[in-house]
Amino acid sequence: MHDDIKKIAIIGANKEGMSLLPLLLADKKSCVTLIADSNRDAMLFKLNELGYRLSTKLNIRTTTDLNAIKDIAGLDIIINALQDQATETFLESPEFKDIEKLGTLSTRLLWNVRASEPASGAEPSAAMEQFTLLGSLREIVDAVRLTIDRKELLSVVLKLATESTRAERGSIMLVAPDEGMLRVEIAKGMDEEVVRKIRVPLGEGISGKVALEGKPVLVSGKARGEDYPRLKERSDVKSAMCVPLVVNGEVIGVINVSSSESMHVFTNEDLRFLSSMASLAAEVIQRSNEYERLRIDAAKFTFWKEVDAIMSSSVPMDARLNTVARKLVEFIAGLTCFIYIYNEDRNRLFLRAASIRDSRSICALSLRPGEGIEGSAISAMKETFLVDRTAETNLKRVYFSLPMVSHGTLVGTLNGQVVSAQGISKYQELFLKDITGLIAESVYAHKKAENEKMRSRKIFAVDEAGLEMISGKDPARLATIISATPAAILGAEGSILRVRMEGSLKYQPAATFGLDDKHVREYLMPIERETVMEVMRKKDIVVREFSEEGSPYIRSVLSSPLRAGTDIAGVLTLFNKTSDESFYPCGFSKSDVETFARFVVYAEKSLVNILAGAAAAVEKEHEKEHTTISLFEKKVEIEINRAMRSDRRLTLATVSFVWMADAVAMRKAGFESRFVAYVRKKARTFDVAVRLDKETLAFLFLDTEYNMARLLQSVAEFVVTDAGLSAMFNEGKVEVWYGGASFPRDGKKFSEIFANASTRQKFDINRDYETELNPLTPVVTPEGRGG
């Protein structure tokens, strides 16, 4: 077989495939070697059963096995007369990547052009070529049906335009009415990623000018810069033509062809020919566009109904979006789809759904602004399409990110990649954009409804707790409710309520919630104190967030002043907002702040009861302490008089345990009683031990001044042996201060001895008090601890 004869295989033993045989057999440069169709009931096979067979002289083999095509050596062209999805998938096999594939439309048009060529040795007649070609095009226009593939049609028209004019490059650009610009639909000799990004405003450049004015343009030789500045920069273009595609007086696009050969310059005859061809091709393209729009609109309407049904269901939101993502891949071959939802409070995109089957753990992924093409949508809110330049000539990879915007608000992004031989068409691109809008509407409505529902629940919970607080009288219970309730409602890990008692300048912890973890306490207390100072300065709610690097345990803080009249009587602080969308604490949202402010109103009303109850408790405690001191004073005076009569000595000692704010609970755990019991084991039965106030214990040792050393040694032993106190002491959560005085050396009256004993110094665990003769010498430290 001669090298210039094309070897052809036809897929389709149906009417469409058989109707091509006369045209192909009449061409001496074509050789049909095989007709394949997996349908055993196809027309050709039925005719065989009836005795009507192809002539053996034609040497055409028939088969029901499509794989037989792969065995044909030197195959040049495959004509697909079936054009179904299964056949299209079969033709994507790597074995066919270098073989030209045509449909019935392309075959008719191209072989009609070949039939118009003059016989060998005869002079070509341009008029005859033009007449035959345009006649073939008119037949196509008259016979076009809604089953014709749009991409194939554009490819054939461009191929005819470039081959008929011997152009090296060419493109078909169509007007995008919504943009008012020309977009390249198909191109020859141009990179696909560049093609996808090209937008030409109407009136600019050659293409824009032709589209606006509807008049063809021919540029022969070097272009003039004042007329076509962009073309002048292209030194490789020696000649170019641009003709409009006009239907019913409306320009729907243009056809561009160009040549780099200095010896090949387009003529006015070429321009007239291309214009005539464009006038007929425009009608075919318009019909194809209309069909594509109808098909896409029908698919979009059907899909929207399904999406609406899915999004309106009662299943969780993630499950709905997963179903939508998997539905999308049914419309676009080779699509893998991902849906991110935007959290405006955290300013992040969270991956909530994907078309991949194993997507149970995808919610762990979140993106900040600017991270990847998805994260760029947070600020830019513009669609992105990227074409990957791969070495696989039979595959195209397209990556896209489409912002989901509803009511001017970003609700998420639809992202994906398409890996297929066809890539992604303009209408599929438009389909994705439209569907993105529909999904955005559903997600926006869902988020709005969920936010309203959640807000209503929180407000109801706040009001319910508020009524209980207002009617409550127990200060301790009220303090617990105020600290724990907002943390539970807003999803905070913990909280601290500080209250300033009347006559005091300090805000002391009244109740805490969620401070069991030692590391959390260590990191929280400095941050909480800074926040309280900021609240006092601003006299308003303060919201703070911290990075994971800067604060691994405390990531967010929400704090508010609690007013009693015009004064700030307390501060309520929440920390570490939790979220179902993240493993780690996140920031408090605007909605959280509003809910918190509503709760604070109730807390301020109930604060009056807390302050009144606390004041009464303090007064009662003062009375108790005063009574205790009075009784202790009488006991000491009696012992002083007895010592004076018998010329004996006595020692009065004080021990103070200073607790840090987050270690106050330790004091309430029976610590004093354990300590006094331990000291009594080391002392005599007639020695006296009393509790003077919350922090201070007093001891009276009779007949000696050296029991002070044994007392301090007992303190050292207790600090080491008591598990609870030992941990607190080593962590610096509690300090021990002591003082002592003896009669008659440091005074002869109770007031003198007690004053000296109340001048205390810090206890040193490493000091050996047992061997020291007199540890009573007062040492006043810079802290100036005094009773």
# chains A, B, ... in the order shown; residues from 1 in each chain; ligands from 1

$ residues_around --residues "region 77-81 of chain A" --least-positions-apart "2" --cutoff "9 Å" --atoms "only C-alpha atoms" --output "PDB file with N, CA, C and O atoms, in the first residue's frame"
ATOM      1  N   LYS A   6      -4.457   6.589   3.031  1.00  0.00           N
ATOM      2  CA  LYS A   6      -4.838   6.550   4.434  1.00  0.00           C
ATOM      3  C   LYS A   6      -5.588   5.256   4.743  1.00  0.00           C
ATOM      4  O   LYS A   6      -6.554   4.905   4.055  1.00  0.00           O
ATOM      5  N   LYS A   7      -5.139   4.557   5.791  1.00  0.00           N
ATOM      6  CA  LYS A   7      -5.804   3.332   6.223  1.00  0.00           C
ATOM      7  C   LYS A   7      -6.856   3.695   7.267  1.00  0.00           C
ATOM      8  O   LYS A   7      -6.540   4.336   8.276  1.00  0.00           O
ATOM      9  N   ILE A   8      -8.108   3.258   7.031  1.00  0.00           N
ATOM     10  CA  ILE A   8      -9.258   3.723   7.825  1.00  0.00           C
ATOM     11  C   ILE A   8      -9.989   2.532   8.438  1.00  0.00           C
ATOM     12  O   ILE A   8     -10.165   1.494   7.803  1.00  0.00           O
ATOM     13  N   ALA A   9     -10.452   2.738   9.700  1.00  0.00           N
ATOM     14  CA  ALA A   9     -11.331   1.779  10.367  1.00  0.00           C
ATOM     15  C   ALA A   9     -12.603   2.517  10.771  1.00  0.00           C
ATOM     16  O   ALA A   9     -12.535   3.659  11.243  1.00  0.00           O
ATOM     17  N   ILE A  10     -13.757   1.865  10.560  1.00  0.00           N
ATOM     18  CA  ILE A  10     -15.053   2.476  10.902  1.00  0.00           C
ATOM     19  C   ILE A  10     -15.643   1.734  12.101  1.00  0.00           C
ATOM     20  O   ILE A  10     -15.733   0.503  12.096  1.00  0.00           O
ATOM     21  N   ILE A  11     -16.017   2.506  13.130  1.00  0.00           N
ATOM     22  CA  ILE A  11     -16.743   1.933  14.269  1.00  0.00           C
ATOM     23  C   ILE A  11     -18.219   2.267  14.069  1.00  0.00           C
ATOM     24  O   ILE A  11     -18.612   3.434  14.142  1.00  0.00           O
ATOM     25  N   GLY A  12     -18.999   1.262  13.781  1.00  0.00           N
ATOM     26  CA  GLY A  12     -20.425   1.492  13.545  1.00  0.00           C
ATOM     27  C   GLY A  12     -20.898   0.807  12.281  1.00  0.00           C
ATOM     28  O   GLY A  12     -20.636   1.297  11.174  1.00  0.00           O
ATOM     29  N   ALA A  13     -21.563  -0.344  12.430  1.00  0.00           N
ATOM     30  CA  ALA A  13     -22.134  -1.049  11.278  1.00  0.00           C
ATOM     31  C   ALA A  13     -23.590  -0.641  11.099  1.00  0.00           C
ATOM     32  O   ALA A  13     -24.397  -1.404  10.589  1.00  0.00           O
ATOM     33  N   ASN A  14     -23.894   0.589  11.488  1.00  0.00           N
ATOM     34  CA  ASN A  14     -25.265   1.104  11.405  1.00  0.00           C
ATOM     35  C   ASN A  14     -25.456   1.899  10.116  1.00  0.00           C
ATOM     36  O   ASN A  14     -24.565   1.957   9.257  1.00  0.00           O
ATOM     37  N   LYS A  15     -26.581   2.549  10.016  1.00  0.00           N
ATOM     38  CA  LYS A  15     -26.909   3.299   8.800  1.00  0.00           C
ATOM     39  C   LYS A  15     -25.926   4.443   8.581  1.00  0.00           C
ATOM     40  O   LYS A  15     -25.492   4.695   7.448  1.00  0.00           O
ATOM     41  N   GLU A  16     -25.559   5.144   9.670  1.00  0.00           N
ATOM     42  CA  GLU A  16     -24.642   6.273   9.545  1.00  0.00           C
ATOM     43  C   GLU A  16     -23.266   5.820   9.033  1.00  0.00           C
ATOM     44  O   GLU A  16     -22.665   6.454   8.168  1.00  0.00           O
ATOM     45  N   GLY A  17     -22.791   4.706   9.557  1.00  0.00           N
ATOM     46  CA  GLY A  17     -21.484   4.208   9.135  1.00  0.00           C
ATOM     47  C   GLY A  17     -21.503   3.717   7.697  1.00  0.00           C
ATOM     48  O   GLY A  17     -20.566   3.971   6.917  1.00  0.00           O
ATOM     49  N   ILE A  69      -9.405  -3.411  16.301  1.00  0.00           N
ATOM     50  CA  ILE A  69      -8.845  -2.189  15.713  1.00  0.00           C
ATOM     51  C   ILE A  69      -7.407  -1.984  16.182  1.00  0.00           C
ATOM     52  O   ILE A  69      -6.564  -1.470  15.442  1.00  0.00           O
ATOM     53  N   LEU A  75      -2.538   2.036  11.109  1.00  0.00           N
ATOM     54  CA  LEU A  75      -3.865   2.657  11.011  1.00  0.00           C
ATOM     55  C   LEU A  75      -3.723   4.178  11.123  1.00  0.00           C
ATOM     56  O   LEU A  75      -3.027   4.693  11.995  1.00  0.00           O
ATOM     57  N   GLN A  83     -20.664   7.215  18.255  1.00  0.00           N
ATOM     58  CA  GLN A  83     -20.603   8.429  19.071  1.00  0.00           C
ATOM     59  C   GLN A  83     -21.360   8.280  20.385  1.00  0.00           C
ATOM     60  O   GLN A  83     -22.024   9.203  20.858  1.00  0.00           O
ATOM     61  N   ASP A  84     -21.262   7.106  21.004  1.00  0.00           N
ATOM     62  CA  ASP A  84     -21.828   6.925  22.336  1.00  0.00           C
ATOM     63  C   ASP A  84     -20.695   7.002  23.363  1.00  0.00           C
ATOM     64  O   ASP A  84     -19.520   7.021  23.021  1.00  0.00           O
ATOM     65  N   THR A  87     -18.045   4.126  23.410  1.00  0.00           N
ATOM     66  CA  THR A  87     -17.069   4.186  22.321  1.00  0.00           C
ATOM     67  C   THR A  87     -16.071   5.310  22.548  1.00  0.00           C
ATOM     68  O   THR A  87     -14.873   5.152  22.275  1.00  0.00           O
ATOM     69  N   GLU A  88     -16.549   6.458  23.041  1.00  0.00           N
ATOM     70  CA  GLU A  88     -15.643   7.571  23.330  1.00  0.00           C
ATOM     71  C   GLU A  88     -14.603   7.153  24.367  1.00  0.00           C
ATOM     72  O   GLU A  88     -13.419   7.483  24.248  1.00  0.00           O
ATOM     73  N   LEU A  91     -11.990   4.895  22.796  1.00  0.00           N
ATOM     74  CA  LEU A  91     -11.047   5.605  21.928  1.00  0.00           C
ATOM     75  C   LEU A  91     -10.023   6.424  22.717  1.00  0.00           C
ATOM     76  O   LEU A  91      -9.080   6.967  22.134  1.00  0.00           O
ATOM     77  N   PHE A  96      -4.461   4.608  20.795  1.00  0.00           N
ATOM     78  CA  PHE A  96      -5.036   5.450  19.736  1.00  0.00           C
ATOM     79  C   PHE A  96      -4.603   6.914  19.840  1.00  0.00           C
ATOM     80  O   PHE A  96      -5.175   7.772  19.147  1.00  0.00           O
ATOM     81  N   ILE A  99      -3.561   8.446  16.525  1.00  0.00           N
ATOM     82  CA  ILE A  99      -4.456   8.165  15.394  1.00  0.00           C
ATOM     83  C   ILE A  99      -5.529   9.237  15.332  1.00  0.00           C
ATOM     84  O   ILE A  99      -6.150   9.579  16.341  1.00  0.00           O
ATOM     85  N   GLU A 100      -5.793   9.743  14.122  1.00  0.00           N
ATOM     86  CA  GLU A 100      -6.816  10.776  13.948  1.00  0.00           C
ATOM     87  C   GLU A 100      -8.199  10.154  14.103  1.00  0.00           C
ATOM     88  O   GLU A 100      -8.485   9.084  13.579  1.00  0.00           O
ATOM     89  N   LYS A 101      -9.064  10.858  14.841  1.00  0.00           N
ATOM     90  CA  LYS A 101     -10.420  10.358  15.086  1.00  0.00           C
ATOM     91  C   LYS A 101     -11.421  11.361  14.527  1.00  0.00           C
ATOM     92  O   LYS A 101     -11.308  12.564  14.766  1.00  0.00           O
ATOM     93  N   LEU A 102     -12.395  10.853  13.766  1.00  0.00           N
ATOM     94  CA  LEU A 102     -13.394  11.704  13.134  1.00  0.00           C
ATOM     95  C   LEU A 102     -14.787  11.175  13.413  1.00  0.00           C
ATOM     96  O   LEU A 102     -14.983   9.983  13.644  1.00  0.00           O
ATOM     97  N   GLY A 103     -15.763  12.097  13.365  1.00  0.00           N
ATOM     98  CA  GLY A 103     -17.160  11.710  13.417  1.00  0.00           C
ATOM     99  C   GLY A 103     -17.746  11.711  12.014  1.00  0.00           C
ATOM    100  O   GLY A 103     -17.060  12.021  11.029  1.00  0.00           O
ATOM    101  N   THR A 104     -19.011  11.391  11.907  1.00  0.00           N
ATOM    102  CA  THR A 104     -19.643  11.341  10.581  1.00  0.00           C
ATOM    103  C   THR A 104     -19.689  12.715   9.938  1.00  0.00           C
ATOM    104  O   THR A 104     -19.489  12.843   8.730  1.00  0.00           O
ATOM    105  N   THR A 107     -16.236  13.607   8.626  1.00  0.00           N
ATOM    106  CA  THR A 107     -15.899  12.769   7.469  1.00  0.00           C
ATOM    107  C   THR A 107     -16.580  13.286   6.211  1.00  0.00           C
ATOM    108  O   THR A 107     -15.950  13.426   5.149  1.00  0.00           O
TER     109      THR A 107
END

$ select_by_dssp --residues "region 341-490 of chain A" --states "alpha helix (DSSP H)" --output "count of residues only"
70

$ residues_around --residues "region 496-499 of chain A" --least-positions-apart "6" --cutoff "12 Å" --atoms "only C-alpha atoms" --output "ChimeraX atom specification"
/A:475-476,478-487,505-515,521,524-525,527-529,531-532,557-564,567-575,600,603-604,607-608,610-612,614-615,661-662

$ residues_around --residues "Leu174 (chain A)" --least-positions-apart "3" --cutoff "10 Å" --atoms "only C-alpha atoms" --output "list in words"
Ser171, Pro177, Met181, Leu182, Arg183, Val184, Glu185, Ile186, Ala211, Pro244, Leu245, Val251, Ile252, Gly253, Val254, Ile255 and Ile285 of chain A

$ residues_around --residues "Val719 (chain A)" --least-positions-apart "6" --cutoff "9 Å" --atoms "only C-alpha atoms" --output "list in words"
Leu725, Ser726, Ala727, Phe729 and Ile765 of chain A

$ write_last_selection --atoms "N, CA and C atoms" --output "PDB file, in the first residue's frame"
ATOM      1  N   LEU A 725       0.134  19.480  99.560  1.00  0.00           N
ATOM      2  CA  LEU A 725       0.909  20.683  99.838  1.00  0.00           C
ATOM      3  C   LEU A 725       2.280  20.627  99.174  1.00  0.00           C
ATOM      4  N   SER A 726       2.906  19.457  99.146  1.00  0.00           N
ATOM      5  CA  SER A 726       4.237  19.317  98.558  1.00  0.00           C
ATOM      6  C   SER A 726       4.246  19.752  97.096  1.00  0.00           C
ATOM      7  N   ALA A 727       3.235  19.286  96.325  1.00  0.00           N
ATOM      8  CA  ALA A 727       3.161  19.654  94.902  1.00  0.00           C
ATOM      9  C   ALA A 727       2.965  21.152  94.737  1.00  0.00           C
ATOM     10  N   PHE A 729       3.737  23.536  96.887  1.00  0.00           N
ATOM     11  CA  PHE A 729       4.917  24.262  97.356  1.00  0.00           C
ATOM     12  C   PHE A 729       6.022  24.241  96.306  1.00  0.00           C
ATOM     13  N   ILE A 765      12.830  25.827 102.983  1.00  0.00           N
ATOM     14  CA  ILE A 765      12.764  24.378 103.174  1.00  0.00           C
ATOM     15  C   ILE A 765      14.146  23.767 103.381  1.00  0.00           C
TER      16      ILE A 765
END

$ atom_distance --atom1 "CA of Arg645 (chain A)" --atom2 "CA of Phe701 (chain A)"
17.2 Å

$ select_by_dssp --residues "region 165-373 of chain A" --states "strand (DSSP E or B)" --output "JSON, numbers by chain"
{"A": [169, 170, 171, 172, 173, 174, 175, 176, 181, 182, 183, 184, 185, 186, 187, 188, 199, 200, 201, 217, 218, 219, 220, 239, 240, 241, 242, 243, 244, 245, 246, 247, 250, 251, 252, 253, 254, 255, 256, 257, 258, 259, 335, 336, 337, 338, 339, 340, 341, 342, 343, 348, 349, 350, 351, 352, 353, 354, 366, 367]}

$ write_last_selection --atoms "C-alpha atoms" --output "short mmCIF file (atom, residue, chain, number, x, y, z; two decimals), in the first residue's frame"
data_model
loop_
_atom_site.label_atom_id
_atom_site.label_comp_id
_atom_site.auth_asym_id
_atom_site.auth_seq_id
_atom_site.Cartn_x
_atom_site.Cartn_y
_atom_site.Cartn_z
CA ARG A 169 -2.15 28.85 12.91
CA GLY A 170 -5.76 29.60 13.47
CA SER A 171 -8.49 30.04 16.07
CA ILE A 172 -12.22 30.43 16.46
CA MET A 173 -13.30 33.07 18.98
CA LEU A 174 -16.89 33.52 20.13
CA VAL A 175 -18.50 36.49 21.84
CA ALA A 176 -19.32 35.99 25.55
CA MET A 181 -15.45 39.99 25.22
CA LEU A 182 -14.16 37.43 22.75
CA ARG A 183 -13.06 34.06 24.14
CA VAL A 184 -11.02 31.49 22.25
CA GLU A 185 -13.08 28.32 21.77
CA ILE A 186 -10.56 26.29 19.80
CA ALA A 187 -7.10 27.02 18.45
CA LYS A 188 -4.36 25.48 16.35
CA ARG A 199 -9.96 37.58 26.62
CA VAL A 200 -10.21 40.25 23.91
CA PRO A 201 -12.50 43.25 24.53
CA VAL A 217 -9.60 42.23 7.75
CA LEU A 218 -6.60 41.10 5.69
CA VAL A 219 -3.04 41.91 6.81
CA SER A 220 -0.35 41.09 4.24
CA SER A 239 0.24 37.45 6.97
CA ALA A 240 -3.13 37.20 8.75
CA MET A 241 -6.88 37.19 8.11
CA CYS A 242 -9.82 37.68 10.43
CA VAL A 243 -13.44 37.27 9.30
CA PRO A 244 -16.66 37.69 11.32
CA LEU A 245 -19.14 34.90 12.07
CA VAL A 246 -22.50 36.57 11.41
CA VAL A 247 -25.98 35.13 11.96
CA GLU A 250 -25.41 39.65 14.66
CA VAL A 251 -21.69 38.91 15.08
CA ILE A 252 -21.32 35.79 17.23
CA GLY A 253 -17.54 35.47 16.82
CA VAL A 254 -14.58 35.52 14.43
CA ILE A 255 -12.26 33.11 12.60
CA ASN A 256 -8.54 33.97 12.69
CA VAL A 257 -5.82 32.44 10.49
CA SER A 258 -2.18 33.46 10.17
CA SER A 259 1.00 32.39 8.41
CA LEU A 335 -13.92 15.25 37.55
CA THR A 336 -12.82 15.01 41.19
CA CYS A 337 -14.70 17.53 43.28
CA PHE A 338 -14.09 19.19 46.68
CA ILE A 339 -16.38 21.60 48.54
CA TYR A 340 -15.05 24.00 51.19
CA ILE A 341 -17.29 26.01 53.53
CA TYR A 342 -16.12 29.42 54.75
CA ASN A 343 -16.18 30.21 58.47
CA ARG A 348 -10.85 30.00 57.17
CA LEU A 349 -12.10 27.53 54.60
CA PHE A 350 -12.98 24.09 55.95
CA LEU A 351 -13.11 21.07 53.66
CA ARG A 352 -16.58 19.63 54.20
CA ALA A 353 -17.25 17.37 51.22
CA ALA A 354 -15.58 15.51 48.36
CA SER A 366 -8.67 24.00 56.77
CA LEU A 367 -7.11 26.78 54.70
#

$ residues_around --residues "Glu292 (chain A)" --least-positions-apart "2" --cutoff "9 Å" --atoms "only C-alpha atoms" --output "MDAnalysis selection string"
chainID A and resid 146 149:150 287:290 294:297 427

$ write_last_selection --atoms "all heavy atoms" --output "short mmCIF file (atom, residue, chain, number, x, y, z; two decimals), in the first residue's frame"
data_model
loop_
_atom_site.label_atom_id
_atom_site.label_comp_id
_atom_site.auth_asym_id
_atom_site.auth_seq_id
_atom_site.Cartn_x
_atom_site.Cartn_y
_atom_site.Cartn_z
N LEU A 146 -29.47 17.98 16.29
CA LEU A 146 -29.06 18.28 17.66
C LEU A 146 -28.14 17.22 18.26
O LEU A 146 -27.76 17.32 19.41
CB LEU A 146 -30.30 18.44 18.54
CG LEU A 146 -31.22 19.60 18.17
CD1 LEU A 146 -32.37 19.68 19.15
CD2 LEU A 146 -30.46 20.92 18.14
N ASP A 149 -21.76 16.85 17.89
CA ASP A 149 -20.88 17.29 18.96
C ASP A 149 -20.30 18.66 18.63
O ASP A 149 -19.71 18.88 17.58
CB ASP A 149 -19.74 16.28 19.14
CG ASP A 149 -18.80 16.69 20.25
OD1 ASP A 149 -19.18 16.50 21.42
OD2 ASP A 149 -17.72 17.21 19.95
N ARG A 150 -20.45 19.60 19.55
CA ARG A 150 -20.06 20.98 19.30
C ARG A 150 -18.55 21.11 19.14
O ARG A 150 -18.07 21.84 18.26
CB ARG A 150 -20.53 21.84 20.47
CG ARG A 150 -20.15 23.31 20.36
CD ARG A 150 -20.77 24.08 21.52
NE ARG A 150 -20.36 25.46 21.46
CZ ARG A 150 -19.21 25.92 21.96
NH1 ARG A 150 -18.37 25.07 22.50
NH2 ARG A 150 -18.90 27.20 21.88
N ARG A 287 -26.34 27.05 15.67
CA ARG A 287 -27.25 25.95 16.01
C ARG A 287 -26.63 25.06 17.09
O ARG A 287 -27.31 24.62 18.02
CB ARG A 287 -27.57 25.12 14.78
CG ARG A 287 -28.45 25.85 13.77
CD ARG A 287 -28.94 24.89 12.72
NE ARG A 287 -29.64 25.56 11.63
CZ ARG A 287 -30.25 24.95 10.63
NH1 ARG A 287 -30.22 23.63 10.58
NH2 ARG A 287 -30.86 25.61 9.69
N SER A 288 -25.34 24.80 16.95
CA SER A 288 -24.67 23.96 17.93
C SER A 288 -24.63 24.64 19.30
O SER A 288 -24.82 24.00 20.33
CB SER A 288 -23.23 23.68 17.47
OG SER A 288 -22.54 22.92 18.42
N ASN A 289 -24.40 25.96 19.30
CA ASN A 289 -24.42 26.72 20.55
C ASN A 289 -25.77 26.64 21.23
O ASN A 289 -25.88 26.46 22.45
CB ASN A 289 -24.06 28.19 20.29
CG ASN A 289 -22.58 28.40 20.01
OD1 ASN A 289 -21.77 27.51 20.26
ND2 ASN A 289 -22.24 29.55 19.48
N GLU A 290 -26.81 26.81 20.41
CA GLU A 290 -28.17 26.76 20.97
C GLU A 290 -28.47 25.39 21.56
O GLU A 290 -29.07 25.28 22.64
CB GLU A 290 -29.19 27.10 19.88
CG GLU A 290 -29.13 28.56 19.45
CD GLU A 290 -29.99 28.81 18.23
OE1 GLU A 290 -30.54 27.83 17.68
OE2 GLU A 290 -30.11 29.98 17.83
N LEU A 294 -29.20 24.51 25.45
CA LEU A 294 -30.39 23.75 25.86
C LEU A 294 -30.01 22.54 26.68
O LEU A 294 -30.64 22.24 27.70
CB LEU A 294 -31.18 23.32 24.61
CG LEU A 294 -31.96 24.41 23.87
CD1 LEU A 294 -32.53 23.85 22.58
CD2 LEU A 294 -33.09 24.94 24.75
N ARG A 295 -28.98 21.84 26.22
CA ARG A 295 -28.55 20.65 26.94
C ARG A 295 -28.05 21.00 28.34
O ARG A 295 -28.39 20.35 29.32
CB ARG A 295 -27.46 19.94 26.16
CG ARG A 295 -27.10 18.56 26.69
CD ARG A 295 -26.02 17.91 25.85
NE ARG A 295 -24.75 18.62 25.98
CZ ARG A 295 -23.91 18.43 27.00
NH1 ARG A 295 -24.21 17.60 27.97
NH2 ARG A 295 -22.78 19.10 27.05
N ILE A 296 -27.23 22.04 28.39
CA ILE A 296 -26.68 22.46 29.69
C ILE A 296 -27.79 22.96 30.60
O ILE A 296 -27.84 22.64 31.79
CB ILE A 296 -25.60 23.54 29.50
CG1 ILE A 296 -24.39 22.97 28.77
CG2 ILE A 296 -25.20 24.14 30.83
CD1 ILE A 296 -23.65 21.90 29.55
N ASP A 297 -28.72 23.78 30.04
CA ASP A 297 -29.83 24.29 30.86
C ASP A 297 -30.70 23.16 31.38
O ASP A 297 -31.14 23.19 32.53
CB ASP A 297 -30.68 25.26 30.04
CG ASP A 297 -29.97 26.58 29.80
OD1 ASP A 297 -28.97 26.84 30.50
OD2 ASP A 297 -30.39 27.34 28.91
N TYR A 427 -18.78 25.29 27.90
CA TYR A 427 -20.12 25.13 28.46
C TYR A 427 -20.09 24.35 29.77
O TYR A 427 -20.91 24.58 30.65
CB TYR A 427 -21.05 24.47 27.43
CG TYR A 427 -21.51 25.45 26.39
CD1 TYR A 427 -20.83 25.58 25.18
CD2 TYR A 427 -22.59 26.29 26.63
CE1 TYR A 427 -21.23 26.51 24.23
CE2 TYR A 427 -22.99 27.22 25.69
CZ TYR A 427 -22.32 27.32 24.49
OH TYR A 427 -22.72 28.24 23.57
#

$ closest_residue --among "A:Thr165, A:Ser401, A:Ser442, A:Ser312" --to "Lys382 (chain A)" --atoms "only C-alpha atoms"
A:Ser401

$ residues_around --residues "Thr651 (chain A)" --least-positions-apart "2" --cutoff "6 Å" --atoms "only C-alpha atoms" --output "list in words"
Leu700, Phe701, Glu705, Ala741 and Ser742 of chain A

$ closest_residue --among "A:Glu549, A:Glu493, A:Glu213, A:Glu306" --to "Leu438 (chain A)" --atoms "only C-alpha atoms"
A:Glu306

$ closest_residue --among "A:Leu21, A:Val679, A:Met277, A:Val418" --to "Val329 (chain A)" --atoms "only C-alpha atoms"
A:Val418

$ atom_distance --atom1 "CA of Arg40 (chain A)" --atom2 "CA of Asn67 (chain A)"
15.1 Å
